[in-house]
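To be precise, the following lines are protein_16.cif, and they hold mmCIF, C-alpha atoms.
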```
data_upload
loop_
_atom_site.group_PDB
_atom_site.id
_atom_site.type_symbol
_atom_site.label_atom_id
_atom_site.label_comp_id
_atom_site.auth_asym_id
_atom_site.auth_seq_id
_atom_site.Cartn_x
_atom_site.Cartn_y
_atom_site.Cartn_z
ATOM 1 C CA MET A 10 7.800 -138.807 3.104
ATOM 2 C CA LYS A 11 8.123 -136.235 5.879
ATOM 3 C CA MET A 12 5.719 -136.452 8.774
ATOM 4 C CA ASN A 13 5.483 -134.246 11.831
ATOM 5 C CA SER A 14 6.119 -135.814 15.230
ATOM 6 C CA SER A 15 2.452 -136.003 16.305
ATOM 7 C CA LEU A 16 1.462 -137.860 13.146
ATOM 8 C CA LYS A 17 4.407 -140.248 13.500
ATOM 9 C CA TYR A 18 3.282 -140.909 17.060
ATOM 10 C CA LEU A 19 -0.290 -141.512 15.915
ATOM 11 C CA CYS A 20 0.843 -143.937 13.200
ATOM 12 C CA CYS A 21 2.933 -145.837 15.757
ATOM 13 C CA LEU A 22 -0.084 -146.109 18.039
ATOM 14 C CA LEU A 23 -2.232 -147.408 15.197
ATOM 15 C CA LEU A 24 0.431 -149.950 14.236
ATOM 16 C CA LEU A 25 0.785 -151.038 17.852
ATOM 17 C CA ALA A 26 -2.970 -151.458 18.181
ATOM 18 C CA SER A 27 -3.005 -153.565 15.021
ATOM 19 C CA SER A 28 -0.195 -155.794 16.351
ATOM 20 C CA CYS A 29 -2.169 -156.517 19.526
ATOM 21 C CA THR A 30 -5.252 -157.876 17.756
ATOM 22 C CA PRO A 31 -6.040 -161.623 17.961
ATOM 23 C CA LYS A 32 -4.449 -163.911 15.372
ATOM 24 C CA LYS A 33 -6.503 -164.061 12.176
ATOM 25 C CA SER A 34 -7.491 -167.155 10.263
ATOM 26 C CA SER A 35 -5.904 -167.824 6.868
ATOM 27 C CA GLU A 36 -9.119 -166.740 5.156
ATOM 28 C CA GLU A 37 -9.160 -163.434 7.076
ATOM 29 C CA VAL A 38 -5.517 -162.804 6.207
ATOM 30 C CA LYS A 39 -6.244 -163.534 2.550
ATOM 31 C CA GLN A 40 -9.217 -161.165 2.605
ATOM 32 C CA GLN A 41 -7.196 -158.432 4.332
ATOM 33 C CA SER A 42 -4.230 -158.754 1.986
ATOM 34 C CA ARG A 43 -6.263 -157.609 -1.001
ATOM 35 C CA PHE A 44 -5.958 -154.017 0.216
ATOM 36 C CA ARG A 45 -2.204 -154.123 -0.370
ATOM 37 C CA ILE A 46 -2.678 -154.371 -4.134
ATOM 38 C CA TYR A 47 -4.450 -151.028 -4.444
ATOM 39 C CA LYS A 48 -2.484 -148.801 -6.792
ATOM 40 C CA GLY A 49 -3.207 -145.735 -8.823
ATOM 41 C CA GLU A 50 -4.202 -142.097 -8.547
ATOM 42 C CA LEU A 51 -6.978 -140.930 -6.239
ATOM 43 C CA LYS A 52 -8.348 -137.446 -6.943
ATOM 44 C CA ILE A 53 -10.472 -135.980 -4.182
ATOM 45 C CA GLY A 54 -12.370 -132.712 -4.096
ATOM 46 C CA ALA A 55 -12.917 -131.281 -0.618
ATOM 47 C CA ASP A 56 -14.623 -128.338 1.010
ATOM 48 C CA ALA A 57 -11.942 -125.791 1.837
ATOM 49 C CA GLY A 58 -13.325 -125.616 5.375
ATOM 50 C CA LEU A 59 -12.190 -129.208 6.007
ATOM 51 C CA GLU A 60 -8.558 -128.676 5.054
ATOM 52 C CA SER A 61 -7.118 -128.747 8.587
ATOM 53 C CA ILE A 62 -8.520 -132.173 9.489
ATOM 54 C CA LEU A 63 -8.176 -133.744 6.025
ATOM 55 C CA LYS A 64 -4.461 -132.925 5.863
ATOM 56 C CA GLN A 65 -4.019 -135.142 8.918
ATOM 57 C CA GLN A 66 -6.205 -137.893 7.471
ATOM 58 C CA LYS A 67 -4.386 -137.844 4.127
ATOM 59 C CA GLU A 68 -0.935 -138.067 5.687
ATOM 60 C CA VAL A 69 -1.828 -141.158 7.720
ATOM 61 C CA PHE A 70 -3.743 -142.714 4.797
ATOM 62 C CA ASP A 71 -0.698 -142.228 2.558
ATOM 63 C CA TYR A 72 1.498 -143.832 5.204
ATOM 64 C CA PHE A 73 -0.570 -147.010 5.146
ATOM 65 C CA ASN A 74 -1.271 -146.935 1.380
ATOM 66 C CA ASP A 75 2.012 -145.832 -0.167
ATOM 67 C CA SER A 76 1.137 -147.310 -3.581
ATOM 68 C CA VAL A 77 -1.802 -144.872 -3.926
ATOM 69 C CA GLN A 78 -1.108 -141.346 -5.149
ATOM 70 C CA THR A 79 -3.653 -139.181 -3.344
ATOM 71 C CA THR A 80 -4.446 -135.594 -4.320
ATOM 72 C CA ILE A 81 -6.964 -133.423 -2.468
ATOM 73 C CA SER A 82 -8.126 -130.168 -4.053
ATOM 74 C CA TYR A 83 -9.733 -127.711 -1.612
ATOM 75 C CA LYS A 84 -12.387 -125.568 -3.292
ATOM 76 C CA THR A 85 -15.793 -123.924 -2.922
ATOM 77 C CA GLU A 86 -18.902 -126.086 -3.220
ATOM 78 C CA LYS A 87 -19.718 -124.720 -6.683
ATOM 79 C CA GLU A 88 -16.272 -125.664 -7.972
ATOM 80 C CA LEU A 89 -16.469 -129.097 -6.343
ATOM 81 C CA PHE A 90 -19.749 -129.958 -8.043
ATOM 82 C CA GLU A 91 -18.328 -128.918 -11.408
ATOM 83 C CA ASP A 92 -15.290 -131.161 -10.870
ATOM 84 C CA PHE A 93 -17.536 -134.054 -9.866
ATOM 85 C CA LYS A 94 -19.775 -133.623 -12.913
ATOM 86 C CA ASN A 95 -16.742 -133.479 -15.204
ATOM 87 C CA LYS A 96 -15.135 -136.468 -13.419
ATOM 88 C CA LYS A 97 -12.120 -134.455 -12.374
ATOM 89 C CA ALA A 98 -12.885 -135.768 -8.889
ATOM 90 C CA ASN A 99 -14.633 -139.048 -8.150
ATOM 91 C CA LEU A 100 -14.892 -138.442 -4.416
ATOM 92 C CA LEU A 101 -16.216 -135.329 -2.716
ATOM 93 C CA LEU A 102 -15.817 -134.416 0.942
ATOM 94 C CA LEU A 103 -18.404 -131.842 1.983
ATOM 95 C CA SER A 104 -19.498 -130.143 5.195
ATOM 96 C CA ARG A 105 -23.115 -131.237 4.746
ATOM 97 C CA GLU A 106 -25.359 -133.813 3.144
ATOM 98 C CA LEU A 107 -26.596 -133.209 -0.388
ATOM 99 C CA GLU A 108 -30.071 -131.803 -0.879
ATOM 100 C CA LYS A 109 -32.517 -133.950 -2.819
ATOM 101 C CA SER A 110 -32.461 -131.511 -5.746
ATOM 102 C CA GLU A 111 -28.656 -131.778 -5.909
ATOM 103 C CA VAL A 112 -28.801 -135.573 -5.965
ATOM 104 C CA ASN A 113 -31.388 -135.442 -8.769
ATOM 105 C CA ASP A 114 -29.262 -132.963 -10.712
ATOM 106 C CA LEU A 115 -26.231 -135.257 -10.561
ATOM 107 C CA GLN A 116 -28.255 -138.337 -11.480
ATOM 108 C CA ASN A 117 -29.901 -136.573 -14.418
ATOM 109 C CA LEU A 118 -26.457 -135.632 -15.723
ATOM 110 C CA ASP A 119 -25.380 -139.155 -16.649
ATOM 111 C CA THR A 120 -27.869 -141.438 -14.866
ATOM 112 C CA ILE A 121 -25.391 -142.132 -12.074
ATOM 113 C CA TYR A 122 -26.430 -143.125 -8.589
ATOM 114 C CA ILE A 123 -24.958 -141.203 -5.697
ATOM 115 C CA ARG A 124 -23.588 -142.835 -2.572
ATOM 116 C CA GLN A 125 -23.382 -140.641 0.533
ATOM 117 C CA LEU A 126 -21.751 -141.640 3.800
ATOM 118 C CA PRO A 127 -21.322 -139.295 6.778
ATOM 119 C CA VAL A 128 -18.049 -139.965 8.607
ATOM 120 C CA ALA A 129 -17.807 -137.314 11.339
ATOM 121 C CA TYR A 130 -19.366 -134.263 12.936
ATOM 122 C CA ASP A 131 -17.656 -130.878 12.754
ATOM 123 C CA ALA A 132 -19.131 -127.451 13.531
ATOM 124 C CA VAL A 133 -18.889 -123.754 12.855
ATOM 125 C CA ALA A 134 -16.987 -122.105 15.699
ATOM 126 C CA LEU A 135 -17.536 -118.514 16.767
ATOM 127 C CA ILE A 136 -14.386 -116.650 17.785
ATOM 128 C CA GLY A 137 -13.920 -113.271 19.421
ATOM 129 C CA GLY A 138 -11.295 -111.188 21.124
ATOM 130 C CA LYS A 139 -10.173 -112.169 24.606
ATOM 131 C CA ASP A 140 -12.363 -109.417 26.136
ATOM 132 C CA PHE A 141 -15.487 -110.122 24.028
ATOM 133 C CA ASP A 142 -18.584 -110.407 26.262
ATOM 134 C CA ASN A 143 -20.599 -113.420 25.079
ATOM 135 C CA LYS A 144 -22.663 -114.165 28.210
ATOM 136 C CA ASN A 145 -25.979 -113.328 26.484
ATOM 137 C CA LEU A 146 -25.124 -114.572 23.007
ATOM 138 C CA ASP A 147 -27.567 -117.059 21.460
ATOM 139 C CA LEU A 148 -29.040 -117.857 18.038
ATOM 140 C CA ASP A 149 -31.821 -115.284 18.416
ATOM 141 C CA LEU A 150 -29.314 -112.519 19.107
ATOM 142 C CA LEU A 151 -27.143 -113.678 16.202
ATOM 143 C CA LYS A 152 -30.204 -113.583 13.954
ATOM 144 C CA LYS A 153 -30.799 -109.990 15.055
ATOM 145 C CA TYR A 154 -27.201 -109.088 14.222
ATOM 146 C CA PHE A 155 -27.634 -110.510 10.694
ATOM 147 C CA ASP A 156 -30.976 -108.788 10.055
ATOM 148 C CA PRO A 157 -30.614 -106.492 6.994
ATOM 149 C CA LYS A 158 -32.791 -103.899 8.777
ATOM 150 C CA ASN A 159 -30.199 -103.571 11.519
ATOM 151 C CA SER A 160 -27.001 -101.656 10.872
ATOM 152 C CA SER A 161 -26.314 -100.306 14.328
ATOM 153 C CA ALA A 162 -22.705 -99.337 14.921
ATOM 154 C CA SER A 163 -22.998 -100.861 18.391
ATOM 155 C CA TYR A 164 -23.565 -104.321 16.914
ATOM 156 C CA PRO A 165 -20.465 -106.453 16.321
ATOM 157 C CA LYS A 166 -18.987 -106.935 12.883
ATOM 158 C CA LEU A 167 -19.571 -110.462 11.584
ATOM 159 C CA ILE A 168 -16.580 -111.839 9.674
ATOM 160 C CA PHE A 169 -16.364 -114.886 7.368
ATOM 161 C CA GLU A 170 -13.385 -116.322 5.501
ATOM 162 C CA ASN A 171 -14.922 -116.271 2.003
ATOM 163 C CA GLN A 172 -18.265 -115.104 0.640
ATOM 164 C CA ASN A 173 -18.626 -118.380 -1.298
ATOM 165 C CA SER A 174 -17.628 -120.645 1.557
ATOM 166 C CA SER A 175 -19.817 -123.402 2.963
ATOM 167 C CA THR A 176 -19.576 -121.655 6.339
ATOM 168 C CA VAL A 177 -21.485 -118.640 4.991
ATOM 169 C CA ARG A 178 -24.167 -120.837 3.469
ATOM 170 C CA PHE A 179 -24.542 -122.952 6.597
ATOM 171 C CA VAL A 180 -24.870 -120.013 9.004
ATOM 172 C CA LEU A 181 -27.275 -118.065 6.802
ATOM 173 C CA ASP A 182 -29.455 -121.157 6.253
ATOM 174 C CA LYS A 183 -29.429 -121.845 9.996
ATOM 175 C CA LEU A 184 -30.538 -118.290 10.772
ATOM 176 C CA GLY A 185 -33.103 -118.187 7.961
ATOM 177 C CA TYR A 186 -31.424 -115.729 5.604
ATOM 178 C CA LYS A 187 -31.109 -116.568 1.915
ATOM 179 C CA GLU A 188 -29.853 -113.383 0.286
ATOM 180 C CA LYS A 189 -29.677 -109.929 1.865
ATOM 181 C CA VAL A 190 -28.055 -109.494 5.269
ATOM 182 C CA SER A 191 -26.841 -106.672 7.490
ATOM 183 C CA PRO A 192 -24.085 -104.386 6.167
ATOM 184 C CA ASN A 193 -22.161 -105.439 9.277
ATOM 185 C CA VAL A 194 -21.430 -108.817 7.610
ATOM 186 C CA TYR A 195 -18.051 -109.024 5.854
ATOM 187 C CA ALA A 196 -16.027 -111.649 3.990
ATOM 188 C CA LEU A 197 -12.242 -111.820 3.841
ATOM 189 C CA GLN A 198 -10.013 -114.132 1.787
ATOM 190 C CA SER A 199 -9.082 -116.856 4.271
ATOM 191 C CA ALA A 200 -9.690 -118.226 7.747
ATOM 192 C CA LYS A 201 -6.235 -116.935 8.759
ATOM 193 C CA GLU A 202 -7.314 -113.411 7.856
ATOM 194 C CA VAL A 203 -10.453 -113.871 9.975
ATOM 195 C CA VAL A 204 -8.353 -114.887 12.995
ATOM 196 C CA ASP A 205 -5.970 -111.952 12.492
ATOM 197 C CA TYR A 206 -8.834 -109.461 12.126
ATOM 198 C CA VAL A 207 -10.678 -110.735 15.198
ATOM 199 C CA ALA A 208 -7.470 -110.634 17.259
ATOM 200 C CA LYS A 209 -6.720 -107.017 16.312
ATOM 201 C CA ASN A 210 -10.218 -105.500 16.519
ATOM 202 C CA LYS A 211 -12.827 -105.129 19.226
ATOM 203 C CA ASN A 212 -16.515 -106.032 18.982
ATOM 204 C CA VAL A 213 -16.032 -108.613 16.216
ATOM 205 C CA ILE A 214 -17.386 -112.151 15.827
ATOM 206 C CA GLY A 215 -15.531 -114.455 13.445
ATOM 207 C CA PHE A 216 -17.035 -117.615 11.939
ATOM 208 C CA VAL A 217 -14.540 -120.394 11.206
ATOM 209 C CA PRO A 218 -14.626 -124.200 10.773
ATOM 210 C CA PHE A 219 -14.237 -125.847 14.175
ATOM 211 C CA ASN A 220 -11.558 -128.226 12.849
ATOM 212 C CA LEU A 221 -9.347 -125.156 12.347
ATOM 213 C CA VAL A 222 -9.166 -124.607 16.123
ATOM 214 C CA SER A 223 -10.192 -127.996 17.548
ATOM 215 C CA ASP A 224 -6.876 -129.786 18.100
ATOM 216 C CA THR A 225 -5.514 -127.960 21.137
ATOM 217 C CA ASP A 226 -2.381 -130.148 21.138
ATOM 218 C CA ASP A 227 -1.366 -128.630 17.807
ATOM 219 C CA ASP A 228 1.110 -125.743 18.072
ATOM 220 C CA ARG A 229 -0.704 -123.919 15.263
ATOM 221 C CA VAL A 230 -3.982 -124.045 17.202
ATOM 222 C CA LYS A 231 -2.257 -123.001 20.425
ATOM 223 C CA LYS A 232 -1.028 -119.835 18.692
ATOM 224 C CA ILE A 233 -4.551 -119.064 17.427
ATOM 225 C CA LEU A 234 -6.097 -119.520 20.882
ATOM 226 C CA GLU A 235 -3.464 -117.233 22.374
ATOM 227 C CA GLN A 236 -4.959 -114.449 20.219
ATOM 228 C CA VAL A 237 -8.703 -115.209 20.309
ATOM 229 C CA LYS A 238 -11.217 -117.241 22.290
ATOM 230 C CA ILE A 239 -14.001 -119.595 21.213
ATOM 231 C CA LEU A 240 -17.302 -117.940 22.074
ATOM 232 C CA SER A 241 -20.130 -119.726 23.846
ATOM 233 C CA LEU A 242 -23.820 -119.644 22.993
ATOM 234 C CA ARG A 243 -26.824 -119.983 25.252
ATOM 235 C CA ALA A 244 -28.912 -122.988 24.219
ATOM 236 C CA LYS A 245 -31.304 -125.611 25.604
ATOM 237 C CA ASN A 246 -29.970 -128.978 26.730
ATOM 238 C CA LYS A 247 -31.899 -132.252 26.441
ATOM 239 C CA GLU A 248 -33.705 -131.508 29.712
ATOM 240 C CA GLY A 249 -34.849 -128.127 28.396
ATOM 241 C CA GLU A 250 -32.518 -126.179 30.658
ATOM 242 C CA THR A 251 -30.657 -123.114 29.382
ATOM 243 C CA VAL A 252 -26.923 -123.789 29.341
ATOM 244 C CA ASN A 253 -23.811 -122.261 27.803
ATOM 245 C CA VAL A 254 -22.390 -124.376 24.985
ATOM 246 C CA SER A 255 -19.593 -123.887 22.480
ATOM 247 C CA ALA A 256 -17.841 -125.606 19.613
ATOM 248 C CA ASN A 257 -16.174 -128.430 21.532
ATOM 249 C CA GLN A 258 -16.123 -132.214 21.302
ATOM 250 C CA SER A 259 -18.418 -132.796 24.263
ATOM 251 C CA ASP A 260 -21.197 -130.423 23.181
ATOM 252 C CA ILE A 261 -21.009 -131.703 19.604
ATOM 253 C CA ALA A 262 -21.236 -135.325 20.804
ATOM 254 C CA ASP A 263 -24.252 -134.418 22.980
ATOM 255 C CA GLY A 264 -25.866 -132.679 19.989
ATOM 256 C CA ILE A 265 -26.631 -129.504 21.951
ATOM 257 C CA TYR A 266 -24.337 -127.070 20.128
ATOM 258 C CA PRO A 267 -26.555 -125.296 17.540
ATOM 259 C CA LEU A 268 -23.990 -125.073 14.709
ATOM 260 C CA ILE A 269 -23.012 -128.736 14.183
ATOM 261 C CA ARG A 270 -22.122 -129.817 10.632
ATOM 262 C CA THR A 271 -21.626 -133.212 9.046
ATOM 263 C CA VAL A 272 -18.433 -134.305 7.286
ATOM 264 C CA ASN A 273 -20.029 -136.154 4.363
ATOM 265 C CA THR A 274 -18.476 -138.266 1.587
ATOM 266 C CA VAL A 275 -20.045 -138.382 -1.874
ATOM 267 C CA THR A 276 -19.134 -140.972 -4.520
ATOM 268 C CA ARG A 277 -20.647 -142.522 -7.601
ATOM 269 C CA ASN A 278 -22.402 -145.725 -6.599
ATOM 270 C CA THR A 279 -20.587 -148.350 -8.651
ATOM 271 C CA TYR A 280 -19.950 -152.043 -8.099
ATOM 272 C CA ASP A 281 -16.196 -151.549 -8.211
ATOM 273 C CA ASP A 282 -14.190 -151.840 -5.008
ATOM 274 C CA ASN A 283 -12.081 -148.834 -5.944
ATOM 275 C CA LEU A 284 -9.765 -146.220 -4.471
ATOM 276 C CA ASP A 285 -12.649 -143.875 -3.659
ATOM 277 C CA LEU A 286 -14.220 -146.441 -1.369
ATOM 278 C CA LEU A 287 -10.826 -147.317 0.104
ATOM 279 C CA PHE A 288 -10.459 -143.730 1.346
ATOM 280 C CA VAL A 289 -14.073 -143.570 2.540
ATOM 281 C CA SER A 290 -13.553 -146.828 4.425
ATOM 282 C CA PHE A 291 -10.374 -145.439 6.002
ATOM 283 C CA LEU A 292 -12.215 -142.332 7.237
ATOM 284 C CA SER A 293 -15.178 -144.226 8.623
ATOM 285 C CA LYS A 294 -13.332 -147.072 10.347
ATOM 286 C CA GLU A 295 -10.896 -147.298 13.237
ATOM 287 C CA LYS A 296 -7.835 -145.433 11.945
ATOM 288 C CA GLY A 297 -9.744 -142.484 10.508
ATOM 289 C CA ALA A 298 -12.121 -142.358 13.479
ATOM 290 C CA LYS A 299 -9.188 -142.121 15.904
ATOM 291 C CA ILE A 300 -7.748 -139.213 13.944
ATOM 292 C CA PHE A 301 -11.107 -137.420 14.117
ATOM 293 C CA LEU A 302 -11.213 -138.086 17.866
ATOM 294 C CA LYS A 303 -7.668 -136.836 18.432
ATOM 295 C CA ALA A 304 -8.544 -133.639 16.559
ATOM 296 C CA ALA A 305 -11.563 -133.196 18.918
ATOM 297 C CA LEU A 306 -14.152 -133.904 16.229
ATOM 298 C CA VAL A 307 -16.758 -136.645 16.670
ATOM 299 C CA PRO A 308 -16.656 -139.656 14.312
ATOM 300 C CA VAL A 309 -20.002 -141.129 13.298
ATOM 301 C CA ILE A 310 -18.778 -144.559 14.419
ATOM 302 C CA ILE A 311 -16.881 -144.341 17.697
ATOM 303 C CA PRO A 312 -14.068 -146.945 17.790
ATOM 304 C CA GLU A 313 -14.338 -149.485 20.574
ATOM 305 C CA ARG A 314 -11.889 -149.284 23.461
ATOM 306 C CA GLU A 315 -10.607 -152.443 25.121
ATOM 307 C CA ILE A 316 -9.723 -151.994 28.785
ATOM 308 C CA ILE A 317 -7.601 -154.743 30.309
ATOM 309 C CA VAL A 318 -8.031 -155.222 34.061
ATOM 310 C CA ASN A 319 -6.213 -157.491 36.462
ATOM 311 C CA GLU A 320 -8.274 -160.671 36.912
ATOM 312 C CA SER A 321 -6.112 -162.119 39.685
ATOM 313 C CA LYS A 322 -7.362 -162.163 43.242
ATOM 314 C CA VAL A 323 -7.016 -158.930 45.152
ATOM 315 C CA ASN A 324 -4.573 -159.129 48.036
ATOM 316 C CA SER A 325 -6.507 -157.814 51.045
ATOM 317 C CA SER A 326 -3.437 -157.489 53.248
ATOM 318 C CA ARG A 327 -2.087 -154.019 53.795
#
```

Give the structure from this file in structure tokens form.
Amino acid sequence: MKMNSSLKYLCCLLLLASSCTPKKSSEEVKQQSRFRIYKGELKIGADAGLESILKQQKEVFDYFNDSVQTTISYKTEKELFEDFKNKKANLLLLSRELEKSEVNDLQNLDTIYIRQLPVAYDAVALIGGKDFDNKNLDLDLLKKYFDPKNSSASYPKLIFENQNSSTVRFVLDKLGYKEKVSPNVYALQSAKEVVDYVAKNKNVIGFVPFNLVSDTDDDRVKKILEQVKILSLRAKNKEGETVNVSANQSDIADGIYPLIRTVNTVTRNTYDDNLDLLFVSFLSKEKGAKIFLKAALVPVIIPEREIIVNESKVNSSR
């Protein structure tokens, strides 16, 4: 299996961390060894807006579970629910938690119980051209831009990657719009097209998943950020002060960025210790959490860090 250099480096770090853990008892070793017998095909349905981060997670998961054949299909929410209902996918990865009506709909289908587990926090990032003036941009101004009564040519064009994407739904729900919006709102075919359009046109705001532009060590992301910038929003911090925030790991962790989303796993609640739960466990525990952290997202459970300090006496002589 081919892996890029950054993922190889990450796998080596994870292996090294595992080798430095204290020696386990025979019972712990026996319990741990059961994961090596997992075999079979794992079919996952995922929100297309999570593709950038899940590609990294899948590659490392496959490295540690080479007897499991993992397939992730990236689709719209409507398509994902259909696959889940028809058991074409037994695990869903969404950009939000299910609504109560959606849980009831799935349970009424075949009396199944739904298990949801959030694993990380992502966001919707706003991008603009390098010269875009965002010093006064906030949610109230965005709401004004989306208002169907406003079609001023002086207002920026608002660009999404797909009219059926979860990003569209999330932003419109956040701003209080359910159906009709300003004629200045447009949808293209992909996030790449959004980046290209924003880079080549003035007075445009693009809406993209944060995980698309979060990992600034990635050459792909570096090329994107050479063309566009991540816009800031004015918002209130925990002390009630007005501050500028943006889609970044720190503001997401503090909970003050207004467009934070949850990376949520959805499975059928069975008593089987199956491949679905193996992948969910991987995402939520140390290895998956470190990948989220490296990509500048925020895992729900932050992995502990052990810092070794010198316990010998300090030599006071100079």

Run the PyMOL selection byres ((chain A and resi 76) around 12) on the file and write out the hits as a JSON list (two decimals) with C-alpha atoms, keeping the file's coordinate frame.
```json
[["chain", "number", "residue", "atom", "x", "y", "z"],
["A", 44, "PHE", "CA", -5.96, -154.02, 0.22],
["A", 45, "ARG", "CA", -2.20, -154.12, -0.37],
["A", 46, "ILE", "CA", -2.68, -154.37, -4.13],
["A", 47, "TYR", "CA", -4.45, -151.03, -4.44],
["A", 48, "LYS", "CA", -2.48, -148.80, -6.79],
["A", 49, "GLY", "CA", -3.21, -145.74, -8.82],
["A", 50, "GLU", "CA", -4.20, -142.10, -8.55],
["A", 51, "LEU", "CA", -6.98, -140.93, -6.24],
["A", 70, "PHE", "CA", -3.74, -142.71, 4.80],
["A", 71, "ASP", "CA", -0.70, -142.23, 2.56],
["A", 72, "TYR", "CA", 1.50, -143.83, 5.20],
["A", 73, "PHE", "CA", -0.57, -147.01, 5.15],
["A", 74, "ASN", "CA", -1.27, -146.94, 1.38],
["A", 75, "ASP", "CA", 2.01, -145.83, -0.17],
["A", 77, "VAL", "CA", -1.80, -144.87, -3.93],
["A", 78, "GLN", "CA", -1.11, -141.35, -5.15],
["A", 79, "THR", "CA", -3.65, -139.18, -3.34],
["A", 284, "LEU", "CA", -9.76, -146.22, -4.47]]
```

Answer key for the PyMOL selection byres ((chain A and resi 311) around 10), residues as an NGL selection string
:A and (129 or 293-295 or 298-299 or 301-302 or 307-310 or 312-314)

For a quick check of understanding, using only C-alpha atoms, which of A:Ser259, A:Thr176, A:Asn283, A:Thr80 has the smallest distance to A:Leu306?
A:Ser259

Selection under test: the PyMOL selection byres ((chain A and resi 83-100) around 6); residues as number ranges by chain
A: 52-57, 82, 101, 174, 275-276, 285

Using C-alpha atoms, can you write the selected residues to a file as a PDB file, in the coordinates of the input?
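Contents of again28.pdb, as written:
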```
ATOM      1  CA  LYS A  52      -8.348-137.446  -6.943  1.00  0.00           C
ATOM      2  CA  ILE A  53     -10.472-135.980  -4.182  1.00  0.00           C
ATOM      3  CA  GLY A  54     -12.370-132.712  -4.096  1.00  0.00           C
ATOM      4  CA  ALA A  55     -12.917-131.281  -0.618  1.00  0.00           C
ATOM      5  CA  ASP A  56     -14.623-128.338   1.010  1.00  0.00           C
ATOM      6  CA  ALA A  57     -11.942-125.791   1.837  1.00  0.00           C
ATOM      7  CA  SER A  82      -8.126-130.168  -4.053  1.00  0.00           C
ATOM      8  CA  LEU A 101     -16.216-135.329  -2.716  1.00  0.00           C
ATOM      9  CA  SER A 174     -17.628-120.645   1.557  1.00  0.00           C
ATOM     10  CA  VAL A 275     -20.045-138.382  -1.874  1.00  0.00           C
ATOM     11  CA  THR A 276     -19.134-140.972  -4.520  1.00  0.00           C
ATOM     12  CA  ASP A 285     -12.649-143.875  -3.659  1.00  0.00           C
TER      13      ASP A 285
END
```

Among the residues A:Leu286, A:Val133, A:Leu126, A:Ala244, the one that comes closest to A:Arg270 [using only C-alpha atoms]
A:Val133

List as number ranges by chain the protein and nucleic acid residues near A:Gly138, meaning an atom at most 9 Å away when all atoms listed in the file are counted, but skip any in the same chain fewer than 4 places from it.
A: 142, 207-214, 236-239

Atomic distance atom CA of A:Val217 - atom CA of A:Ala162, expressed in Å with one decimal
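Result for atom CA of A:Val217 versus atom CA of A:Ala162: 22.9 Å, one decimal.
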
So the first atom is atom CA of A:Asp224 and the second is atom CA of A:Ala305; what is the distance between them in Å, to one decimal place?
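These atoms are spaced 5.9 Å apart.
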